[in-house]
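Data from coords.pdb: PDB, C-alpha atoms
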```pdb
ATOM      1  CA  MET A 138     158.846-158.316 -37.063  1.00  0.00           C
ATOM      2  CA  SER A 139     157.351-159.230 -33.710  1.00  0.00           C
ATOM      3  CA  PRO A 140     156.675-156.515 -31.114  1.00  0.00           C
ATOM      4  CA  ALA A 141     159.322-158.012 -28.792  1.00  0.00           C
ATOM      5  CA  ALA A 142     161.975-157.883 -31.526  1.00  0.00           C
ATOM      6  CA  ALA A 143     161.032-154.324 -32.447  1.00  0.00           C
ATOM      7  CA  LEU A 144     161.244-153.282 -28.800  1.00  0.00           C
ATOM      8  CA  ALA A 145     164.688-154.909 -28.469  1.00  0.00           C
ATOM      9  CA  THR A 146     165.900-153.175 -31.625  1.00  0.00           C
ATOM     10  CA  THR A 147     164.648-149.794 -30.374  1.00  0.00           C
ATOM     11  CA  ALA A 148     166.345-150.303 -27.012  1.00  0.00           C
ATOM     12  CA  ALA A 149     169.598-151.250 -28.750  1.00  0.00           C
ATOM     13  CA  VAL A 150     169.749-148.104 -30.862  1.00  0.00           C
ATOM     14  CA  ALA A 151     168.400-145.749 -28.187  1.00  0.00           C
ATOM     15  CA  PRO A 152     171.046-143.362 -26.869  1.00  0.00           C
ATOM     16  CA  HIS A 153     172.095-143.400 -23.250  1.00  0.00           C
ATOM     17  CA  GLY A 154     170.298-140.890 -21.069  1.00  0.00           C
ATOM     18  CA  PHE A 155     170.926-139.322 -17.709  1.00  0.00           C
ATOM     19  CA  LEU A 156     168.943-142.079 -16.001  1.00  0.00           C
ATOM     20  CA  SER A 157     171.033-144.865 -17.574  1.00  0.00           C
ATOM     21  CA  PRO A 158     174.670-143.793 -17.204  1.00  0.00           C
ATOM     22  CA  THR A 159     177.502-145.964 -18.438  1.00  0.00           C
ATOM     23  CA  GLY A 160     180.527-146.996 -16.409  1.00  0.00           C
ATOM     24  CA  VAL A 161     182.661-144.270 -17.978  1.00  0.00           C
ATOM     25  CA  GLU A 162     180.073-141.622 -17.123  1.00  0.00           C
ATOM     26  CA  ILE A 163     179.911-142.817 -13.503  1.00  0.00           C
ATOM     27  CA  ALA A 164     183.723-142.730 -13.277  1.00  0.00           C
ATOM     28  CA  PHE A 165     183.697-139.221 -14.778  1.00  0.00           C
ATOM     29  CA  LEU A 166     181.245-138.047 -12.108  1.00  0.00           C
ATOM     30  CA  LEU A 167     183.196-139.612  -9.238  1.00  0.00           C
ATOM     31  CA  VAL A 168     186.531-138.197 -10.428  1.00  0.00           C
ATOM     32  CA  GLY A 169     184.854-134.820 -10.887  1.00  0.00           C
ATOM     33  CA  LEU A 170     183.625-134.852  -7.274  1.00  0.00           C
ATOM     34  CA  VAL A 171     187.112-135.721  -6.009  1.00  0.00           C
ATOM     35  CA  THR A 172     188.642-132.972  -8.155  1.00  0.00           C
ATOM     36  CA  PHE A 173     186.097-130.449  -6.908  1.00  0.00           C
ATOM     37  CA  GLY A 174     186.813-131.379  -3.286  1.00  0.00           C
ATOM     38  CA  ALA A 175     190.571-131.083  -3.837  1.00  0.00           C
ATOM     39  CA  ALA A 176     190.084-127.661  -5.432  1.00  0.00           C
ATOM     40  CA  LEU A 177     188.082-126.477  -2.418  1.00  0.00           C
ATOM     41  CA  VAL A 178     190.818-127.646  -0.040  1.00  0.00           C
ATOM     42  CA  THR A 179     193.428-125.917  -2.229  1.00  0.00           C
ATOM     43  CA  VAL A 180     191.824-122.498  -1.861  1.00  0.00           C
ATOM     44  CA  THR A 181     190.781-122.871   1.794  1.00  0.00           C
ATOM     45  CA  THR A 182     193.919-124.261   3.442  1.00  0.00           C
ATOM     46  CA  ARG A 183     196.302-121.805   5.090  1.00  0.00           C
ATOM     47  CA  GLN A 184     199.448-123.862   4.524  1.00  0.00           C
ATOM     48  CA  LEU A 185     201.113-123.152   1.211  1.00  0.00           C
ATOM     49  CA  VAL A 186     202.748-126.571   0.879  1.00  0.00           C
ATOM     50  CA  HIS A 187     199.431-128.316   1.515  1.00  0.00           C
ATOM     51  CA  ALA A 188     197.785-126.044  -1.047  1.00  0.00           C
ATOM     52  CA  ALA A 189     200.441-126.967  -3.622  1.00  0.00           C
ATOM     53  CA  LEU A 190     200.002-130.686  -2.953  1.00  0.00           C
ATOM     54  CA  TRP A 191     196.226-130.477  -3.178  1.00  0.00           C
ATOM     55  CA  LEU A 192     196.696-128.538  -6.406  1.00  0.00           C
ATOM     56  CA  VAL A 193     198.535-131.607  -7.742  1.00  0.00           C
ATOM     57  CA  VAL A 194     195.452-133.710  -6.915  1.00  0.00           C
ATOM     58  CA  THR A 195     193.183-131.166  -8.615  1.00  0.00           C
ATOM     59  CA  LEU A 196     195.218-130.977 -11.816  1.00  0.00           C
ATOM     60  CA  GLY A 197     195.683-134.753 -11.852  1.00  0.00           C
ATOM     61  CA  GLY A 198     191.931-135.194 -11.575  1.00  0.00           C
ATOM     62  CA  LEU A 199     191.443-132.905 -14.561  1.00  0.00           C
ATOM     63  CA  ALA A 200     193.924-135.021 -16.520  1.00  0.00           C
ATOM     64  CA  VAL A 201     191.891-138.149 -15.683  1.00  0.00           C
ATOM     65  CA  GLU A 202     188.735-136.371 -16.842  1.00  0.00           C
ATOM     66  CA  TYR A 203     190.405-135.577 -20.166  1.00  0.00           C
ATOM     67  CA  LEU A 204     191.387-139.248 -20.505  1.00  0.00           C
ATOM     68  CA  LEU A 205     187.795-140.316 -19.868  1.00  0.00           C
ATOM     69  CA  LEU A 206     186.702-137.886 -22.608  1.00  0.00           C
ATOM     70  CA  THR A 207     189.159-139.627 -25.011  1.00  0.00           C
ATOM     71  CA  ALA A 208     191.371-136.521 -25.201  1.00  0.00           C
ATOM     72  CA  GLU A 209     194.704-138.205 -24.565  1.00  0.00           C
ATOM     73  CA  PHE A 210     196.904-135.399 -25.896  1.00  0.00           C
ATOM     74  CA  ILE A 211     195.260-132.746 -23.691  1.00  0.00           C
ATOM     75  CA  ALA A 212     195.487-135.090 -20.691  1.00  0.00           C
ATOM     76  CA  TRP A 213     199.235-135.659 -21.069  1.00  0.00           C
ATOM     77  CA  MET A 214     199.826-131.955 -21.665  1.00  0.00           C
ATOM     78  CA  GLN A 215     197.939-131.315 -18.438  1.00  0.00           C
ATOM     79  CA  VAL A 216     200.291-133.657 -16.584  1.00  0.00           C
ATOM     80  CA  LEU A 217     203.519-132.482 -18.226  1.00  0.00           C
ATOM     81  CA  ILE A 218     202.902-128.726 -18.153  1.00  0.00           C
ATOM     82  CA  TYR A 219     200.772-128.105 -15.082  1.00  0.00           C
ATOM     83  CA  VAL A 220     201.581-130.969 -12.709  1.00  0.00           C
ATOM     84  CA  GLY A 221     205.151-131.460 -13.892  1.00  0.00           C
ATOM     85  CA  SER A 222     206.144-127.807 -14.305  1.00  0.00           C
ATOM     86  CA  VAL A 223     203.875-125.278 -12.626  1.00  0.00           C
ATOM     87  CA  VAL A 224     203.434-127.108  -9.322  1.00  0.00           C
ATOM     88  CA  VAL A 225     207.094-128.143  -9.188  1.00  0.00           C
ATOM     89  CA  LEU A 226     208.084-124.522  -9.836  1.00  0.00           C
ATOM     90  CA  LEU A 227     205.782-123.419  -7.010  1.00  0.00           C
ATOM     91  CA  LEU A 228     207.314-125.942  -4.604  1.00  0.00           C
ATOM     92  CA  PHE A 229     210.849-124.920  -5.573  1.00  0.00           C
ATOM     93  CA  GLY A 230     209.894-121.294  -5.059  1.00  0.00           C
ATOM     94  CA  LEU A 231     208.677-122.105  -1.552  1.00  0.00           C
ATOM     95  CA  MET A 232     211.818-124.063  -0.703  1.00  0.00           C
ATOM     96  CA  LEU A 233     214.354-121.629  -2.136  1.00  0.00           C
ATOM     97  CA  THR A 234     212.818-118.473  -0.666  1.00  0.00           C
ATOM     98  CA  LYS A 235     211.906-117.340   2.816  1.00  0.00           C
ATOM     99  CA  ALA A 236     208.218-117.933   2.261  1.00  0.00           C
ATOM    100  CA  PRO A 237     206.450-119.303   5.367  1.00  0.00           C
ATOM    101  CA  ILE A 238     205.879-123.048   5.162  1.00  0.00           C
ATOM    102  CA  GLY A 239     203.356-123.454   7.998  1.00  0.00           C
ATOM    103  CA  ARG A 240     200.286-121.427   8.842  1.00  0.00           C
ATOM    104  CA  SER A 241     200.629-117.781   7.935  1.00  0.00           C
ATOM    105  CA  PRO A 242     198.227-115.109   9.247  1.00  0.00           C
ATOM    106  CA  ASP A 243     199.370-112.858   6.380  1.00  0.00           C
ATOM    107  CA  ALA A 244     197.951-115.324   3.875  1.00  0.00           C
ATOM    108  CA  ASP A 245     194.415-114.650   5.121  1.00  0.00           C
ATOM    109  CA  SER A 246     192.372-111.830   3.653  1.00  0.00           C
ATOM    110  CA  ALA A 247     189.594-109.707   5.048  1.00  0.00           C
ATOM    111  CA  ASN A 248     187.867-109.663   1.643  1.00  0.00           C
ATOM    112  CA  ARG A 249     186.832-113.288   1.867  1.00  0.00           C
ATOM    113  CA  TRP A 250     183.127-112.708   1.187  1.00  0.00           C
ATOM    114  CA  ALA A 251     183.813-110.417  -1.761  1.00  0.00           C
ATOM    115  CA  ALA A 252     186.194-113.007  -3.211  1.00  0.00           C
ATOM    116  CA  LEU A 253     183.575-115.719  -2.679  1.00  0.00           C
ATOM    117  CA  ALA A 254     180.921-113.656  -4.472  1.00  0.00           C
ATOM    118  CA  VAL A 255     183.236-113.015  -7.420  1.00  0.00           C
ATOM    119  CA  ALA A 256     184.190-116.719  -7.586  1.00  0.00           C
ATOM    120  CA  VAL A 257     180.551-117.851  -7.552  1.00  0.00           C
ATOM    121  CA  ALA A 258     179.608-115.317 -10.248  1.00  0.00           C
ATOM    122  CA  ALA A 259     182.568-116.340 -12.428  1.00  0.00           C
ATOM    123  CA  ALA A 260     181.754-120.041 -11.978  1.00  0.00           C
ATOM    124  CA  ALA A 261     178.087-119.473 -12.869  1.00  0.00           C
ATOM    125  CA  ALA A 262     179.038-117.498 -15.986  1.00  0.00           C
ATOM    126  CA  LEU A 263     181.536-120.158 -17.051  1.00  0.00           C
ATOM    127  CA  VAL A 264     179.048-122.997 -16.557  1.00  0.00           C
ATOM    128  CA  TRP A 265     176.383-121.088 -18.486  1.00  0.00           C
ATOM    129  CA  VAL A 266     178.740-120.388 -21.407  1.00  0.00           C
ATOM    130  CA  VAL A 267     179.950-124.008 -21.603  1.00  0.00           C
ATOM    131  CA  VAL A 268     176.448-125.491 -21.354  1.00  0.00           C
ATOM    132  CA  ASP A 269     175.070-123.069 -23.937  1.00  0.00           C
ATOM    133  CA  ALA A 270     177.950-123.727 -26.362  1.00  0.00           C
ATOM    134  CA  PHE A 271     177.910-127.533 -26.096  1.00  0.00           C
ATOM    135  CA  ARG A 272     174.232-128.134 -25.410  1.00  0.00           C
ATOM    136  CA  THR A 273     173.742-130.400 -28.441  1.00  0.00           C
ATOM    137  CA  THR A 274     177.276-131.859 -28.531  1.00  0.00           C
ATOM    138  CA  TRP A 275     177.716-135.444 -27.398  1.00  0.00           C
ATOM    139  CA  ILE A 276     181.003-137.336 -27.199  1.00  0.00           C
ATOM    140  CA  ASP A 277     181.042-140.980 -28.241  1.00  0.00           C
ATOM    141  CA  LEU A 278     183.130-142.405 -25.407  1.00  0.00           C
ATOM    142  CA  GLY A 279     183.140-145.813 -27.042  1.00  0.00           C
ATOM    143  CA  GLY A 280     184.341-144.588 -30.442  1.00  0.00           C
ATOM    144  CA  ALA A 281     187.642-143.308 -31.758  1.00  0.00           C
ATOM    145  CA  PRO A 282     189.606-140.857 -29.580  1.00  0.00           C
ATOM    146  CA  SER A 283     188.522-137.286 -30.228  1.00  0.00           C
ATOM    147  CA  GLY A 284     191.582-135.586 -28.774  1.00  0.00           C
ATOM    148  CA  PRO A 285     194.767-137.025 -30.342  1.00  0.00           C
ATOM    149  CA  THR A 286     197.585-134.796 -31.554  1.00  0.00           C
ATOM    150  CA  LYS A 287     196.375-134.645 -35.174  1.00  0.00           C
ATOM    151  CA  VAL A 288     192.793-133.689 -34.339  1.00  0.00           C
ATOM    152  CA  THR A 289     193.801-131.192 -31.646  1.00  0.00           C
ATOM    153  CA  GLY A 290     196.418-129.526 -33.867  1.00  0.00           C
ATOM    154  CA  ALA A 291     194.040-129.247 -36.817  1.00  0.00           C
ATOM    155  CA  SER A 292     191.321-127.693 -34.650  1.00  0.00           C
ATOM    156  CA  LEU A 293     193.763-125.357 -32.916  1.00  0.00           C
ATOM    157  CA  PHE A 294     195.478-123.968 -36.001  1.00  0.00           C
ATOM    158  CA  GLN A 295     192.360-123.835 -38.188  1.00  0.00           C
ATOM    159  CA  ASN A 296     189.551-122.668 -35.911  1.00  0.00           C
ATOM    160  CA  TRP A 297     191.368-121.143 -32.911  1.00  0.00           C
ATOM    161  CA  VAL A 298     194.558-119.713 -34.421  1.00  0.00           C
ATOM    162  CA  LEU A 299     193.716-116.067 -33.567  1.00  0.00           C
ATOM    163  CA  PRO A 300     193.039-116.687 -29.821  1.00  0.00           C
ATOM    164  CA  PHE A 301     196.145-118.901 -29.733  1.00  0.00           C
ATOM    165  CA  GLU A 302     198.355-116.111 -31.112  1.00  0.00           C
ATOM    166  CA  ALA A 303     196.719-113.530 -28.842  1.00  0.00           C
ATOM    167  CA  LEU A 304     197.495-115.734 -25.848  1.00  0.00           C
ATOM    168  CA  SER A 305     201.127-116.045 -26.921  1.00  0.00           C
ATOM    169  CA  VAL A 306     201.413-112.238 -27.165  1.00  0.00           C
ATOM    170  CA  LEU A 307     199.829-111.922 -23.713  1.00  0.00           C
ATOM    171  CA  LEU A 308     202.320-114.361 -22.209  1.00  0.00           C
ATOM    172  CA  LEU A 309     205.197-112.528 -23.900  1.00  0.00           C
ATOM    173  CA  ALA A 310     203.974-109.221 -22.442  1.00  0.00           C
ATOM    174  CA  ALA A 311     203.768-110.801 -18.976  1.00  0.00           C
ATOM    175  CA  LEU A 312     207.334-112.115 -19.346  1.00  0.00           C
ATOM    176  CA  VAL A 313     208.687-108.720 -20.423  1.00  0.00           C
ATOM    177  CA  GLY A 314     206.828-107.023 -17.576  1.00  0.00           C
ATOM    178  CA  ALA A 315     208.271-109.468 -15.043  1.00  0.00           C
ATOM    179  CA  ILE A 316     211.800-108.788 -16.314  1.00  0.00           C
ATOM    180  CA  VAL A 317     211.294-105.003 -16.145  1.00  0.00           C
ATOM    181  CA  LEU A 318     209.891-105.149 -12.610  1.00  0.00           C
ATOM    182  CA  SER A 319     212.689-107.411 -11.381  1.00  0.00           C
ATOM    183  CA  ARG A 320     215.397-105.121 -12.810  1.00  0.00           C
ATOM    184  CA  LYS A 321     213.702-102.077 -11.260  1.00  0.00           C
ATOM    185  CA  ALA A 322     213.564-103.816  -7.882  1.00  0.00           C
ATOM    186  CA  LYS A 323     217.275-104.650  -8.107  1.00  0.00           C
ATOM    187  CA  ALA A 324     218.108-101.044  -9.018  1.00  0.00           C
ATOM    188  CA  ASP A 325     216.041 -99.713  -6.081  1.00  0.00           C
ATOM    189  CA  ALA A 326     217.704-102.163  -3.706  1.00  0.00           C
ATOM    190  CA  ALA A 327     221.154-101.121  -4.919  1.00  0.00           C
ATOM    191  CA  THR A 328     220.244 -97.438  -4.488  1.00  0.00           C
ATOM    192  CA  ALA A 329     218.960 -98.018  -0.956  1.00  0.00           C
ATOM    193  CA  THR A 330     222.118 -99.929  -0.013  1.00  0.00           C
ATOM    194  CA  THR A 331     224.758 -97.591  -1.477  1.00  0.00           C
ATOM    195  CA  GLY A 332     222.863 -94.318  -1.318  1.00  0.00           C
ATOM    196  CA  THR A 333     223.790 -93.513  -4.929  1.00  0.00           C
ATOM    197  CA  PRO A 334     221.781 -94.201  -8.075  1.00  0.00           C
ATOM    198  CA  ALA A 335     222.764 -97.349  -9.914  1.00  0.00           C
ATOM    199  CA  VAL A 336     224.488 -96.460 -13.167  1.00  0.00           C
ATOM    200  CA  PRO A 337     223.631 -98.749 -16.101  1.00  0.00           C
ATOM    201  CA  GLY A 338     226.561-100.969 -16.881  1.00  0.00           C
ATOM    202  CA  SER A 339     228.124-100.477 -13.447  1.00  0.00           C
ATOM    203  CA  ARG A 340     229.679-103.285 -11.459  1.00  0.00           C
ATOM    204  CA  SER A 341     226.755-103.552  -9.036  1.00  0.00           C
ATOM    205  CA  GLU A 342     224.212-103.936 -11.842  1.00  0.00           C
ATOM    206  CA  ARG A 343     226.395-106.473 -13.633  1.00  0.00           C
ATOM    207  CA  GLU A 344     226.621-108.485 -10.439  1.00  0.00           C
ATOM    208  CA  GLY A 345     222.855-108.246  -9.997  1.00  0.00           C
ATOM    209  CA  VAL A 346     222.279-109.495 -13.534  1.00  0.00           C
ATOM    210  CA  ARG A 347     224.751-112.296 -12.954  1.00  0.00           C
TER     211      ARG A 347
END
```

Could you rewrite the structure in this file as structure tokens?
Amino acid sequence: MSPAAALATTAAVAPHGFLSPTGVEIAFLLVGLVTFGAALVTVTTRQLVHAALWLVVTLGGLAVEYLLLTAEFIAWMQVLIYVGSVVVLLLFGLMLTKAPIGRSPDADSANRWAALAVAVAAAAALVWVVVDAFRTTWIDLGGAPSGPTKVTGASLFQNWVLPFEALSVLLLAALVGAIVLSRKAKADAATATTGTPAVPGSRSEREGVR
């Protein structure tokens, strides 16, 4: 084999490095920068509606990143659950309550620098954990999808079943706590209005539940 042919063969089988990114890797970087900028605007704006809309851009950017990583199932779950449910629920909550739509001085906090320090420390710890865990893991973006329903389900219920169940118990506890707090608030409001303690099963409590 001639030296030119050997050099061509070596270049063909050599993996892509950081100095020779592919088109998918460039798109991943650009979408990541847009997502990062949208996330910064989300937490810095003082208008709740603008924050919710920028949150849509942030979560949509994450869904695109999952698509670029060939994780189609996770990407569509990101769109359906977060963009299609959480943000819509937030917008409905703003429209159906007396929450201020424009600028609100009450939304600002005097602990901005402490919150910034905690956010930077949490981000650094998260980046360190992810880089240390996936240091030698490379995704073949040109191969078969690595995140379809079958692969994701098998990995979730074989390797991560205990954290998955713990998360479900945590969400159930949060739901029960929200119900208890809401019923207590209704009972306190009824007591403050009538001046008498609310008796369980009374007409006022039944109307509050209804």

Explicit residue set for the PyMOL selection byres ((chain A and resi 209) around 12), as a list in words: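 This file gives the following for the PyMOL selection byres ((chain A and resi 209) around 12): Leu199, Ala200, Val201, Glu202, Tyr203, Leu204, Leu205, Leu206, Thr207, Ala208, Phe210, Ile211, Ala212, Trp213, Met214, Gln215, Val216, Ala281, Pro282, Ser283, Gly284, Pro285, Thr286, Lys287, Val288 and Thr289 of chain A.
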
Point-to-point distance in Å for CA of Ser222 in chain A and CA of Leu309 in chain A: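 Taking CA of Leu309 in chain A as the start and CA of Ser222 in chain A as the end point, the length is 18.1 Å.
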
Local residues around (199.1, -125.0, -4.1), at most 12 Å away, using only C-alpha atoms, as a VMD selection string: chain A and resid 175 to 196 219 to 220 223 to 231 238

Computed interatomic separation between CA of Ala164 in chain A and CA of Gly198 in chain A (Å):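 Between CA of Ala164 in chain A and CA of Gly198 in chain A the gap works out to 11.3 Å.
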
CA of Val306 in chain A to CA of Leu293 in chain A, straight-line distance in Å: 16.2 Å

Please give the centre and size of the box around range 255-264 of chain A (axis-aligned, containing every atom listed in the file, 5 Å added per side), with values in Å to one decimal and written as lines of an AutoDock Vina configuration file.
```
center_x = 181.1
center_y = -118.0
center_z = -12.2
size_x = 16.1
size_y = 20.0
size_z = 19.6
```
